[in-house]
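*Asks:* Structure file final-v6.tsv, TSV, C-alpha atoms and all ligand atoms, is pasted below:
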```
chain	number	residue	atom	x	y	z
A	1	MET	CA	-7.99	-4.54	-29.71
A	2	TYR	CA	-4.72	-4.95	-27.79
A	3	LYS	CA	-3.67	-8.42	-26.73
A	4	GLY	CA	-0.68	-9.78	-24.83
A	5	LYS	CA	0.27	-13.00	-23.10
A	6	ALA	CA	2.99	-13.83	-20.61
A	7	ARG	CA	4.17	-16.61	-18.33
A	8	ALA	CA	5.74	-16.01	-14.92
A	9	HIS	CA	7.05	-18.52	-12.41
A	10	THR	CA	6.52	-18.45	-8.69
A	11	ASN	CA	9.32	-17.61	-6.34
A	12	ILE	CA	9.84	-18.70	-2.76
A	13	ALA	CA	11.59	-16.33	-0.41
A	14	LEU	CA	14.60	-17.60	1.53
A	15	ILE	CA	14.66	-14.27	3.37
A	16	LYS	CA	11.03	-13.23	3.71
A	17	TYR	CA	9.18	-10.04	2.86
A	18	TRP	CA	6.96	-9.52	5.86
A	19	GLY	CA	5.46	-6.09	6.41
A	20	LYS	CA	4.77	-2.95	4.45
A	21	ALA	CA	6.12	0.53	5.12
A	22	ASP	CA	3.64	1.89	2.56
A	23	LYS	CA	0.46	-0.04	1.79
A	24	GLU	CA	-0.60	1.94	-1.26
A	25	PHE	CA	2.69	1.63	-3.12
A	26	ILE	CA	3.69	-1.69	-1.52
A	27	ILE	CA	7.03	-0.55	-0.17
A	28	PRO	CA	8.31	-3.26	2.18
A	29	MET	CA	9.79	-2.88	5.64
A	30	ASN	CA	12.77	-5.10	4.77
A	31	ASN	CA	14.69	-6.41	1.76
A	32	SER	CA	13.90	-10.00	0.78
A	33	LEU	CA	15.67	-12.68	-1.26
A	34	SER	CA	14.06	-15.47	-3.26
A	35	LEU	CA	14.60	-18.33	-5.64
A	36	THR	CA	12.41	-18.42	-8.77
A	37	LEU	CA	11.19	-21.97	-9.43
A	38	ASP	CA	10.38	-23.95	-12.55
A	39	ALA	CA	7.55	-26.18	-11.29
A	40	PHE	CA	4.83	-23.62	-10.55
A	41	TYR	CA	3.75	-20.79	-12.81
A	42	THR	CA	0.95	-18.67	-14.23
A	43	GLU	CA	0.03	-17.91	-17.83
A	44	THR	CA	-2.05	-14.82	-18.38
A	45	MET	CA	-3.59	-13.28	-21.48
A	46	VAL	CA	-5.01	-9.78	-21.40
A	47	THR	CA	-7.15	-8.14	-24.06
A	48	PHE	CA	-7.97	-4.44	-23.98
A	49	SER	CA	-10.79	-3.35	-26.27
A	50	GLU	CA	-12.94	-0.32	-27.03
A	51	THR	CA	-15.94	-2.65	-27.16
A	52	PHE	CA	-15.66	-3.85	-23.54
A	53	THR	CA	-17.88	-2.10	-21.00
A	54	GLN	CA	-16.20	-3.52	-17.88
A	55	ASP	CA	-13.16	-5.48	-16.73
A	56	THR	CA	-13.65	-9.24	-16.63
A	57	PHE	CA	-11.33	-11.74	-14.93
A	58	TYR	CA	-11.28	-15.48	-15.62
A	59	LEU	CA	-9.06	-17.65	-13.43
A	60	ASP	CA	-8.62	-21.28	-14.47
A	61	GLY	CA	-11.61	-20.90	-16.78
A	62	ALA	CA	-13.98	-19.62	-14.09
A	63	ARG	CA	-15.34	-16.09	-14.18
A	64	GLN	CA	-14.30	-14.40	-10.94
A	65	ASP	CA	-16.62	-12.57	-8.56
A	66	GLU	CA	-16.66	-8.84	-7.99
A	67	LYS	CA	-14.12	-8.93	-5.14
A	68	ASN	CA	-11.46	-10.85	-7.09
A	69	THR	CA	-12.13	-8.85	-10.25
A	70	LYS	CA	-11.76	-5.60	-8.31
A	71	LYS	CA	-8.17	-6.50	-7.32
A	72	VAL	CA	-7.29	-7.11	-10.96
A	73	SER	CA	-9.13	-3.92	-12.03
A	74	GLN	CA	-7.12	-1.86	-9.56
A	75	PHE	CA	-3.94	-3.20	-11.12
A	76	LEU	CA	-5.30	-2.52	-14.63
A	77	ASP	CA	-5.97	1.08	-13.55
A	78	LEU	CA	-2.24	1.53	-12.98
A	79	VAL	CA	-1.52	0.12	-16.42
A	80	ARG	CA	-4.20	2.27	-18.04
A	81	SER	CA	-2.73	5.37	-16.50
A	82	LEU	CA	0.82	4.38	-17.59
A	83	ALA	CA	-0.37	3.75	-21.15
A	84	GLN	CA	-2.77	6.68	-21.11
A	85	LYS	CA	-5.42	4.41	-22.57
A	86	ASP	CA	-8.89	4.30	-21.09
A	87	LEU	CA	-9.92	0.79	-22.16
A	88	PHE	CA	-11.54	-2.03	-20.23
A	89	ALA	CA	-9.91	-5.45	-20.37
A	90	THR	CA	-10.57	-9.16	-20.21
A	91	VAL	CA	-7.94	-11.09	-18.25
A	92	GLU	CA	-7.74	-14.86	-18.78
A	93	SER	CA	-5.32	-16.52	-16.43
A	94	GLN	CA	-4.30	-20.10	-15.78
A	95	ASN	CA	-2.54	-20.92	-12.51
A	96	PHE	CA	-0.28	-23.96	-12.69
A	97	VAL	CA	-0.03	-23.56	-8.93
A	98	PRO	CA	-2.75	-23.83	-6.26
A	99	THR	CA	-4.30	-20.38	-5.69
A	100	ALA	CA	-3.90	-18.65	-2.31
A	101	ALA	CA	-2.50	-21.72	-0.55
A	102	GLY	CA	0.86	-20.27	0.45
A	103	LEU	CA	2.51	-21.46	-2.76
A	104	ALA	CA	3.05	-17.95	-4.14
A	105	SER	CA	0.26	-17.73	-6.73
A	106	SER	CA	0.16	-13.99	-6.09
A	107	ALA	CA	3.80	-13.72	-7.17
A	108	SER	CA	3.41	-15.60	-10.45
A	109	GLY	CA	-0.13	-14.26	-11.02
A	110	LEU	CA	0.64	-10.58	-10.72
A	111	SER	CA	3.97	-10.72	-12.56
A	112	ALA	CA	2.33	-12.62	-15.44
A	113	LEU	CA	-0.39	-9.96	-15.51
A	114	ALA	CA	2.19	-7.17	-15.52
A	115	GLY	CA	4.02	-8.88	-18.40
A	116	ALA	CA	0.83	-9.48	-20.39
A	117	CYS	CA	-0.15	-5.80	-20.02
A	118	ASN	CA	3.35	-4.68	-21.01
A	119	ALA	CA	3.08	-6.76	-24.18
A	120	ALA	CA	-0.52	-5.86	-25.00
A	121	LEU	CA	-0.11	-2.11	-24.72
A	122	GLU	CA	3.49	-2.09	-26.02
A	123	LEU	CA	4.65	-0.26	-22.93
A	124	ASN	CA	8.24	-1.39	-23.55
A	125	LEU	CA	8.99	-1.30	-19.84
A	126	SER	CA	12.52	-2.13	-18.72
A	127	ASP	CA	12.82	-5.12	-16.36
A	128	GLN	CA	13.29	-2.66	-13.51
A	129	ASP	CA	10.08	-0.83	-14.36
A	130	LEU	CA	8.24	-4.12	-14.87
A	131	SER	CA	9.40	-5.20	-11.43
A	132	ARG	CA	8.09	-1.91	-9.99
A	133	LEU	CA	4.76	-2.39	-11.77
A	134	ALA	CA	4.37	-6.02	-10.63
A	135	ARG	CA	5.17	-4.88	-7.07
A	136	ARG	CA	2.09	-2.66	-7.10
A	137	GLY	CA	-0.05	-5.79	-7.67
A	138	SER	CA	1.62	-7.97	-5.06
A	139	GLY	CA	4.95	-7.33	-3.36
A	140	SER	CA	6.49	-10.74	-3.97
A	141	ALA	CA	5.53	-10.50	-7.68
A	142	CYS	CA	8.33	-7.98	-8.27
A	143	ARG	CA	10.83	-10.81	-7.73
A	144	SER	CA	9.22	-13.14	-10.32
A	145	ILE	CA	10.30	-10.89	-13.20
A	146	TYR	CA	13.72	-12.53	-12.86
A	147	GLY	CA	14.97	-16.11	-12.72
A	148	GLY	CA	17.31	-17.66	-10.15
A	149	PHE	CA	18.26	-15.80	-6.98
A	150	VAL	CA	16.56	-12.42	-6.72
A	151	GLU	CA	16.71	-9.65	-4.14
A	152	TRP	CA	13.94	-7.09	-3.68
A	153	GLU	CA	15.61	-3.91	-2.51
A	154	LYS	CA	13.06	-2.14	-0.41
A	155	GLY	CA	14.10	1.36	-1.46
A	156	GLN	CA	12.12	4.22	0.03
A	157	ASP	CA	9.51	5.03	-2.59
A	158	ASP	CA	7.85	3.86	-5.79
A	159	ALA	CA	10.89	4.72	-7.91
A	160	SER	CA	13.49	2.97	-5.75
A	161	SER	CA	11.71	-0.23	-4.69
A	162	PHE	CA	12.36	-3.08	-7.15
A	163	ALA	CA	13.98	-6.49	-7.52
A	164	LYS	CA	17.38	-7.38	-8.97
A	165	VAL	CA	19.20	-10.57	-9.87
A	166	VAL	CA	21.69	-11.68	-7.21
A	167	PRO	CA	24.99	-12.64	-8.89
A	168	SER	CA	25.48	-16.32	-8.21
A	169	ASP	CA	27.64	-17.84	-10.96
A	170	GLN	CA	24.57	-20.05	-11.73
A	171	TRP	CA	24.91	-21.80	-8.35
A	172	GLU	CA	21.11	-22.02	-8.24
A	173	ASP	CA	21.36	-24.73	-10.92
A	174	ASP	CA	22.86	-27.02	-8.24
A	175	LEU	CA	19.92	-26.48	-5.87
A	176	ALA	CA	16.36	-27.77	-5.58
A	177	MET	CA	13.25	-27.12	-3.56
A	178	ILE	CA	10.90	-29.94	-2.62
A	179	PHE	CA	7.33	-28.85	-1.87
A	180	ILE	CA	5.47	-30.85	0.75
A	181	LEU	CA	1.83	-30.17	-0.03
A	182	ILE	CA	-0.09	-30.34	3.21
A	183	ASN	CA	-3.18	-28.49	2.08
A	184	ASP	CA	-3.92	-26.76	-1.21
A	185	GLN	CA	-7.11	-25.07	-0.03
A	186	GLN	CA	-7.26	-21.29	0.28
A	187	LYS	CA	-5.93	-20.12	3.60
A	188	ASP	CA	-7.96	-18.17	6.19
A	189	VAL	CA	-5.55	-15.25	6.55
A	190	SER	CA	-4.03	-13.93	3.30
A	191	SER	CA	-0.39	-12.81	3.31
A	192	ARG	CA	-1.62	-9.27	2.93
A	193	ASP	CA	-3.87	-9.36	5.98
A	194	GLY	CA	-1.41	-11.46	7.99
A	195	MET	CA	1.51	-9.09	7.52
A	196	GLU	CA	-0.66	-6.05	8.21
A	197	ARG	CA	-1.91	-7.49	11.50
A	198	THR	CA	1.64	-8.43	12.43
A	199	VAL	CA	3.15	-4.99	11.71
A	200	GLU	CA	0.37	-3.26	13.61
A	201	THR	CA	0.14	-5.50	16.65
A	202	SER	CA	2.90	-8.09	17.04
A	203	VAL	CA	5.09	-7.62	20.07
A	204	PHE	CA	7.75	-9.63	18.19
A	205	TYR	CA	7.85	-7.45	15.08
A	206	ASP	CA	10.76	-5.35	16.34
A	207	GLY	CA	12.94	-8.46	16.56
A	208	TRP	CA	12.04	-9.28	12.95
A	209	LEU	CA	13.00	-5.82	11.75
A	210	LYS	CA	16.28	-5.80	13.67
A	211	THR	CA	17.49	-9.16	12.43
A	212	SER	CA	16.20	-9.59	8.87
A	213	PRO	CA	18.94	-7.30	7.38
A	214	ILE	CA	21.55	-9.47	9.12
A	215	ASP	CA	19.91	-12.63	7.73
A	216	LEU	CA	19.89	-11.09	4.27
A	217	GLN	CA	23.59	-10.29	4.48
A	218	THR	CA	24.34	-13.85	5.60
A	219	ALA	CA	22.28	-15.28	2.71
A	220	LYS	CA	24.10	-13.11	0.16
A	221	GLU	CA	27.47	-14.15	1.57
A	222	ALA	CA	26.40	-17.80	1.41
A	223	ILE	CA	25.44	-17.41	-2.27
A	224	ALA	CA	28.75	-15.68	-3.07
A	225	GLU	CA	30.65	-18.45	-1.24
A	226	LYS	CA	28.37	-21.25	-2.59
A	227	ASP	CA	28.05	-22.38	1.01
A	228	PHE	CA	24.89	-24.50	1.13
A	229	GLU	CA	24.89	-25.13	4.87
A	230	LYS	CA	25.13	-21.40	5.54
A	231	LEU	CA	22.32	-20.59	3.10
A	232	GLY	CA	20.08	-23.35	4.45
A	233	THR	CA	20.67	-22.44	8.07
A	234	VAL	CA	19.77	-18.78	7.58
A	235	THR	CA	16.77	-19.68	5.35
A	236	GLU	CA	15.30	-21.92	8.03
A	237	ALA	CA	15.96	-19.45	10.84
A	238	ASN	CA	14.50	-16.51	8.93
A	239	GLY	CA	11.32	-18.40	8.04
A	240	LEU	CA	10.83	-19.50	11.65
A	241	LYS	CA	11.28	-15.93	12.81
A	242	MET	CA	8.64	-14.69	10.39
A	243	HIS	CA	6.18	-17.27	11.66
A	244	GLY	CA	7.12	-16.40	15.23
A	245	THR	CA	5.85	-12.86	14.71
A	246	THR	CA	2.31	-14.10	14.01
A	247	LEU	CA	2.06	-15.64	17.48
A	248	GLY	CA	2.74	-12.25	19.05
A	249	ALA	CA	-0.04	-10.50	17.09
A	250	THR	CA	-3.47	-9.50	18.36
A	251	PRO	CA	-5.43	-11.62	17.76
A	252	PRO	CA	-2.65	-14.22	17.49
A	253	PHE	CA	-2.64	-16.55	14.50
A	254	THR	CA	-0.50	-19.16	12.82
A	255	TYR	CA	-0.21	-20.62	9.33
A	256	TRP	CA	1.04	-23.91	10.74
A	257	SER	CA	-1.00	-27.09	10.91
A	258	PRO	CA	-0.02	-30.25	12.82
A	259	GLU	CA	1.19	-31.73	9.52
A	260	SER	CA	3.45	-28.71	8.97
A	261	LEU	CA	5.18	-29.55	12.26
A	262	THR	CA	5.49	-33.20	11.24
A	263	ALA	CA	7.12	-32.07	7.99
A	264	MET	CA	9.53	-29.70	9.74
A	265	ASN	CA	10.56	-32.44	12.15
A	266	ARG	CA	11.10	-34.87	9.27
A	267	VAL	CA	13.39	-32.37	7.56
A	268	ARG	CA	15.43	-32.00	10.76
A	269	GLU	CA	15.68	-35.80	11.08
A	270	ILE	CA	16.80	-36.19	7.47
A	271	ARG	CA	19.41	-33.51	8.05
A	272	GLN	CA	20.65	-35.31	11.14
A	273	MET	CA	21.08	-38.42	8.97
A	274	GLY	CA	23.69	-36.45	7.02
A	275	LEU	CA	21.57	-35.23	4.09
A	276	PRO	CA	21.70	-31.42	4.09
A	277	CYS	CA	18.17	-29.96	3.77
A	278	TYR	CA	16.37	-27.01	5.36
A	279	PHE	CA	12.72	-25.95	5.47
A	280	THR	CA	10.86	-22.73	4.95
A	281	MET	CA	7.15	-21.83	5.00
A	282	ASP	CA	5.05	-18.97	3.71
A	283	ALA	CA	1.54	-17.80	4.49
A	284	GLY	CA	0.06	-21.29	4.47
A	285	PRO	CA	0.65	-24.76	5.98
A	286	ASN	CA	2.80	-26.12	3.14
A	287	VAL	CA	6.47	-26.79	3.77
A	288	LYS	CA	9.26	-26.18	1.25
A	289	VAL	CA	12.56	-27.98	1.56
A	290	LEU	CA	15.72	-26.38	0.22
A	291	CYS	CA	18.33	-28.94	-0.77
A	292	GLN	CA	21.05	-29.68	-3.30
A	293	LYS	CA	20.14	-31.29	-6.62
A	294	LYS	CA	22.56	-34.16	-5.98
A	295	ASP	CA	20.63	-35.18	-2.84
A	296	VAL	CA	17.07	-34.89	-4.22
A	297	LYS	CA	16.57	-38.61	-4.85
A	298	GLN	CA	17.64	-39.66	-1.37
A	299	ILE	CA	15.69	-36.87	0.36
A	300	LEU	CA	12.55	-37.76	-1.61
A	301	GLU	CA	12.95	-41.41	-0.59
A	302	GLN	CA	13.05	-40.31	3.03
A	303	LEU	CA	10.08	-37.95	2.71
A	304	GLU	CA	8.05	-40.67	0.98
A	305	GLN	CA	8.14	-42.61	4.26
A	306	SER	CA	5.99	-39.88	5.85
A	307	PHE	CA	4.06	-38.39	2.91
A	308	ASN	CA	2.26	-39.64	-0.21
A	309	LYS	CA	4.10	-39.26	-3.48
A	310	GLU	CA	1.31	-36.93	-4.68
A	311	GLN	CA	2.12	-34.55	-1.85
A	312	LEU	CA	5.71	-34.13	-2.99
A	313	THR	CA	6.78	-31.91	-5.89
A	314	CYS	CA	10.37	-31.18	-6.73
A	315	ALA	CA	11.23	-27.81	-8.23
A	316	PHE	CA	14.46	-26.42	-9.62
A	317	SER	CA	15.58	-22.91	-10.42
A	318	GLY	CA	13.19	-21.34	-12.92
A	319	PRO	CA	13.34	-18.55	-15.50
A	320	GLY	CA	12.14	-14.97	-15.35
A	321	LEU	CA	9.14	-13.52	-17.19
A	322	GLU	CA	8.48	-14.98	-20.64
A	323	TYR	CA	6.30	-13.53	-23.40
A	324	LEU	CA	4.14	-16.12	-25.09
A	325	GLU	CA	2.22	-14.37	-27.79
A	326	THR	CA	1.50	-10.80	-28.73
A	327	ASP	CA	-1.15	-10.12	-31.24
A	328	VAL	CA	-1.36	-6.36	-31.31
A	329	THR	CA	-3.89	-4.84	-33.65
A	330	ALA	CA	-4.69	-1.24	-33.01
B	401	LIG	P1	-0.46	-17.15	-2.37
B	401	LIG	O1	0.23	-17.85	-1.26
B	401	LIG	O2	-1.03	-18.13	-3.34
B	401	LIG	O3	0.41	-16.10	-3.02
B	401	LIG	P2	-1.97	-14.88	-1.39
B	401	LIG	O4	-3.10	-14.82	-0.43
B	401	LIG	O5	-0.71	-14.15	-1.07
B	401	LIG	O6	-1.68	-16.42	-1.68
B	401	LIG	O7	-2.45	-14.35	-2.80
B	401	LIG	C1	-3.54	-14.93	-3.46
B	401	LIG	C2	-4.18	-13.84	-4.29
B	401	LIG	O8	-3.37	-13.53	-5.43
B	401	LIG	C3	-5.50	-14.27	-4.93
B	401	LIG	O9	-6.56	-14.12	-4.02
B	401	LIG	C4	-5.59	-13.32	-6.08
B	401	LIG	O10	-6.04	-12.05	-5.65
B	401	LIG	C5	-4.16	-13.16	-6.52
B	401	LIG	N1	-3.90	-14.06	-7.65
B	401	LIG	C6	-3.54	-15.36	-7.61
B	401	LIG	N2	-3.38	-15.85	-8.86
B	401	LIG	C7	-3.67	-14.84	-9.70
B	401	LIG	C8	-3.68	-14.73	-11.12
B	401	LIG	N3	-3.36	-15.76	-11.90
B	401	LIG	N4	-4.01	-13.54	-11.67
B	401	LIG	C9	-4.30	-12.47	-10.87
B	401	LIG	N5	-4.30	-12.52	-9.53
B	401	LIG	C10	-3.99	-13.69	-8.94
B	402	LIG	C1	5.17	-14.86	3.34
B	402	LIG	O1	3.57	-10.66	-1.87
B	402	LIG	O2	1.61	-12.13	-1.27
B	402	LIG	O3	5.21	-15.18	0.99
B	402	LIG	O4	2.37	-7.61	-1.19
B	402	LIG	O5	0.32	-7.97	0.17
B	402	LIG	O6	0.47	-8.96	-2.11
B	402	LIG	P1	1.22	-8.54	-0.86
B	402	LIG	O7	1.84	-9.86	-0.21
B	402	LIG	P2	2.59	-11.10	-0.86
B	402	LIG	O8	3.38	-11.62	0.44
B	402	LIG	C2	4.32	-12.63	0.42
B	402	LIG	C3	4.70	-12.98	1.82
B	402	LIG	C4	5.50	-14.24	1.98
B	402	LIG	C5	6.99	-13.93	2.01
B	402	LIG	C6	7.66	-13.62	0.69
B	402	LIG	O9	7.22	-14.10	-0.37
B	402	LIG	O10	8.66	-12.89	0.73
```
Just give me the structure as structure tokens.
*Replies:*
Amino acid sequence: MYKGKARAHTNIALIKYWGKADKEFIIPMNNSLSLTLDAFYTETMVTFSETFTQDTFYLDGARQDEKNTKKVSQFLDLVRSLAQKDLFATVESQNFVPTAAGLASSASGLSALAGACNAALELNLSDQDLSRLARRGSGSACRSIYGGFVEWEKGQDDASSFAKVVPSDQWEDDLAMIFILINDQQKDVSSRDGMERTVETSVFYDGWLKTSPIDLQTAKEAIAEKDFEKLGTVTEANGLKMHGTTLGATPPFTYWSPESLTAMNRVREIRQMGLPCYFTMDAGPNVKVLCQKKDVKQILEQLEQSFNKEQLTCAFSGPGLEYLETDVTA
């Protein structure tokens, strides 16, 4: 029996990954840049055994159906081929983040799974190779191997597409991200399906491709200069652009709900009051607010005028992949 356990935190992209150049290997169309966060994470234990006759996947204590188990099995196939071990596995995972609600459970989920497999089968993968492996499960997961600011360099193939830490002199420790939870139910269009439809049909996708490298450059300059206004401005603009592409798709779709718009407007108002804060959204209606740690209390007070306290979660910069327990008995 081979057992391993790992914890990975979610990350939220400031410059989004939106579109694949290669669907099988998950090579993205553009580089992306994220902040790993402390408040939301996944813990996953994997056990490989000669006695198992199939893969089994438990999420939050519930045995998953064939469709969800198949996704995990496909990832395990990659690991089995890397390890050259033909063993079925049981995966037991706990999401300390709502699943499939646009809060990046796929990022923490697949990087925790990659870490657990690395530990269980003693693959001894470097962080770079772990990032490449996690990427095969879910693109954004390759960034959750690291803490703080992380860039996923798109590369051009399996070997060259992986995430790296962005040097920041620990500036991320001065920042925060407030999550405004609008809806924690599973969304109708997954990130995977949404980005595929957009790449294939959106009349606005060209604009995304032309400008996201410029946004990335601006974000990296802002981090190097510790210029919060510059980082916030480009974060907000890049997120809006990503969501703009969905409206130009066939059939058109949006991840926004009326409450998302209310939240975005509130953030703009708070900013106009002199408290610097900027929003971003992913493939779901929830809104994330990038701000500076020193302003969190005042911004929360403002947001509490429009939202319940239970809807608001404050996150700070979080760590990279952590190993929790490895009990390896051959
Ligand atoms: P999210 O916004 O939460 O990342 P996605 O639609 O992008 O939503 O991804 C959700 C998918 O990620 C789930 O349907 C599941 O396939 C996968 N996933 C989420 N959590 C886990 C986990 N803990 N272990 C394995 N896979 C997971
Ligand atoms: C909008 O990484 O979930 O959150 O690679 O198909 O698994 P797959 O997609 P996923 O997409 C994340 C999209 C995003 C932007 C981002 O996190 O960069």
*Asks:* When you draw a straight line from atom CA of Asp55 of chain A to atom CA of Phe162 of chain A, how long is it in Å?
*Replies:*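 Atom-to-atom, atom CA of Asp55 of chain A and atom CA of Phe162 of chain A are spaced 27.4 Å apart.
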*Asks:* Using all atoms listed in the file, find each residue with an atom at most 6 Å away from ligand LIG 401 (chain B) and format the answer as a PDB file with C-alpha atoms, in the coordinates of the input.
*Replies:*
```pdb
ATOM      1  CA  THR A  42       0.950 -18.670 -14.230  1.00  0.00           C
ATOM      2  CA  ASN A  68     -11.460 -10.850  -7.090  1.00  0.00           C
ATOM      3  CA  SER A  93      -5.320 -16.520 -16.430  1.00  0.00           C
ATOM      4  CA  GLN A  94      -4.300 -20.100 -15.780  1.00  0.00           C
ATOM      5  CA  ASN A  95      -2.540 -20.920 -12.510  1.00  0.00           C
ATOM      6  CA  THR A  99      -4.300 -20.380  -5.690  1.00  0.00           C
ATOM      7  CA  ALA A 100      -3.900 -18.650  -2.310  1.00  0.00           C
ATOM      8  CA  ALA A 101      -2.500 -21.720  -0.550  1.00  0.00           C
ATOM      9  CA  GLY A 102       0.860 -20.270   0.450  1.00  0.00           C
ATOM     10  CA  LEU A 103       2.510 -21.460  -2.760  1.00  0.00           C
ATOM     11  CA  ALA A 104       3.050 -17.950  -4.140  1.00  0.00           C
ATOM     12  CA  SER A 105       0.260 -17.730  -6.730  1.00  0.00           C
ATOM     13  CA  SER A 106       0.160 -13.990  -6.090  1.00  0.00           C
ATOM     14  CA  ALA A 107       3.800 -13.720  -7.170  1.00  0.00           C
ATOM     15  CA  GLY A 109      -0.130 -14.260 -11.020  1.00  0.00           C
ATOM     16  CA  LEU A 110       0.640 -10.580 -10.720  1.00  0.00           C
ATOM     17  CA  SER A 190      -4.030 -13.930   3.300  1.00  0.00           C
ATOM     18  CA  SER A 191      -0.390 -12.810   3.310  1.00  0.00           C
ATOM     19  CA  ALA A 283       1.540 -17.800   4.490  1.00  0.00           C
TER      20      ALA A 283
END
```
*Asks:* Which residues are near segment 19-34 of chain A? Cut-off 6 Å, all atoms listed in the file, ignore same chain within fewer than 6 positions. Put them as a list in words.
*Replies:*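 Within the cut-off, the hits are Ile12, Ala13, Arg136, Phe149, Val150, Glu151, Trp152, Glu153, Lys154, Met195 and Val199 of chain A.
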*Asks:* Work out how far atom CA of Thr47 of chain A is from atom CA of Leu87 of chain A, in Å to one decimal.
*Replies:*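 Distance between the two atoms: 9.5 Å.
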*Asks:* Just the residues within 12 Å of Asn124 of chain A, please, counting all atoms listed in the file, with nothing from its chain fewer than 5 positions along; format it as a list of chain:residue names.
*Replies:*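 Listing them by chain and then by number gives A:Leu82, A:Ala83, A:Ala114, A:Gly115, A:Ala116, A:Cys117, A:Asn118, A:Ala119, A:Asp129, A:Leu130.
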*Asks:* Pick out the residues sitting within 10 Å of Asp215 of chain A, and hand them over as a ChimeraX atom specification; count only C-alpha atoms, and ignore anything fewer than 4 positions along from it in its own chain.
*Replies:* /A:14-16,32-33,210-211,219-221,231,233-235,237-238
*Asks:* Store the residues picked out above in a file with C-alpha atoms, as an mmCIF file, in the frame of the given file.
*Replies:*
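File out39.cif, as written:
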```
data_model
loop_
_atom_site.group_PDB
_atom_site.id
_atom_site.type_symbol
_atom_site.label_atom_id
_atom_site.label_comp_id
_atom_site.auth_asym_id
_atom_site.auth_seq_id
_atom_site.Cartn_x
_atom_site.Cartn_y
_atom_site.Cartn_z
ATOM 1 C CA LEU A 14 14.600 -17.600 1.530
ATOM 2 C CA ILE A 15 14.660 -14.270 3.370
ATOM 3 C CA LYS A 16 11.030 -13.230 3.710
ATOM 4 C CA SER A 32 13.900 -10.000 0.780
ATOM 5 C CA LEU A 33 15.670 -12.680 -1.260
ATOM 6 C CA LYS A 210 16.280 -5.800 13.670
ATOM 7 C CA THR A 211 17.490 -9.160 12.430
ATOM 8 C CA ALA A 219 22.280 -15.280 2.710
ATOM 9 C CA LYS A 220 24.100 -13.110 0.160
ATOM 10 C CA GLU A 221 27.470 -14.150 1.570
ATOM 11 C CA LEU A 231 22.320 -20.590 3.100
ATOM 12 C CA THR A 233 20.670 -22.440 8.070
ATOM 13 C CA VAL A 234 19.770 -18.780 7.580
ATOM 14 C CA THR A 235 16.770 -19.680 5.350
ATOM 15 C CA ALA A 237 15.960 -19.450 10.840
ATOM 16 C CA ASN A 238 14.500 -16.510 8.930
#
```
*Asks:* One number please: atom CA of Ala315 of chain A to atom CA of Met242 of chain A, in Å, one decimal.
*Replies:*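 Separation of atom CA of Ala315 of chain A and atom CA of Met242 of chain A: 22.9 Å.
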*Asks:* Residues within 12 Å of Cys314 of chain A, please, as number ranges by chain. Count all atoms listed in the file; anything in the same chain fewer than 4 positions from it doesn't count.
*Replies:* A: 37-40, 175-181, 288-293, 295-297, 299-300, 303, 309-310, 318
*Asks:* Within 6 Å of (20.2, -28.0, 2.7) (coordinates as in the file), grab all the protein and nucleic acid residues, counting all atoms listed in the file, and write them out as a short mmCIF file (atom, residue, chain, number, x, y, z; two decimals) with C-alpha atoms, keeping the file's coordinate frame.
*Replies:*
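As a result, point31.cif now contains:
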```
data_model
loop_
_atom_site.label_atom_id
_atom_site.label_comp_id
_atom_site.auth_asym_id
_atom_site.auth_seq_id
_atom_site.Cartn_x
_atom_site.Cartn_y
_atom_site.Cartn_z
CA GLU A 229 24.89 -25.13 4.87
CA GLY A 232 20.08 -23.35 4.45
CA PRO A 276 21.70 -31.42 4.09
CA CYS A 277 18.17 -29.96 3.77
CA TYR A 278 16.37 -27.01 5.36
CA LEU A 290 15.72 -26.38 0.22
CA CYS A 291 18.33 -28.94 -0.77
#
```
*Asks:* Hey, which of A:Ile182, A:Leu133, A:Met264, A:Ile214 ends up closest to Asp77 of chain A? Count all atoms listed in the file.
*Replies:*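 When distances to Asp77 of chain A are compared using all atoms listed in the file, the smallest one comes from A:Leu133.
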*Asks:* Taking into account all atoms listed in the file, which residue in the set A:Phe204, A:Val91, A:Leu78, A:Asp158 is nearest to Tyr58 of chain A?
*Replies:*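 Between A:Phe204, A:Val91, A:Leu78, A:Asp158, the residue approaching Tyr58 of chain A most closely is A:Val91.
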*Asks:* Taking all atoms listed in the file into account, name the residue in A:Ser317, A:Gln128, A:Thr218, A:Ser108 that is nearest to ligand LIG 402 (chain B).
*Replies:*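 Of the candidates, the smallest distance to ligand LIG 402 (chain B) is held by A:Ser108.
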*Asks:* Would you mind telling me which residue in A:Pro98, A:Gly137, A:Gly61, A:Pro213 lies nearest to Val79 of chain A when using all atoms listed in the file?
*Replies:*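 Closest to Val79 of chain A, using all atoms listed in the file: A:Gly137.
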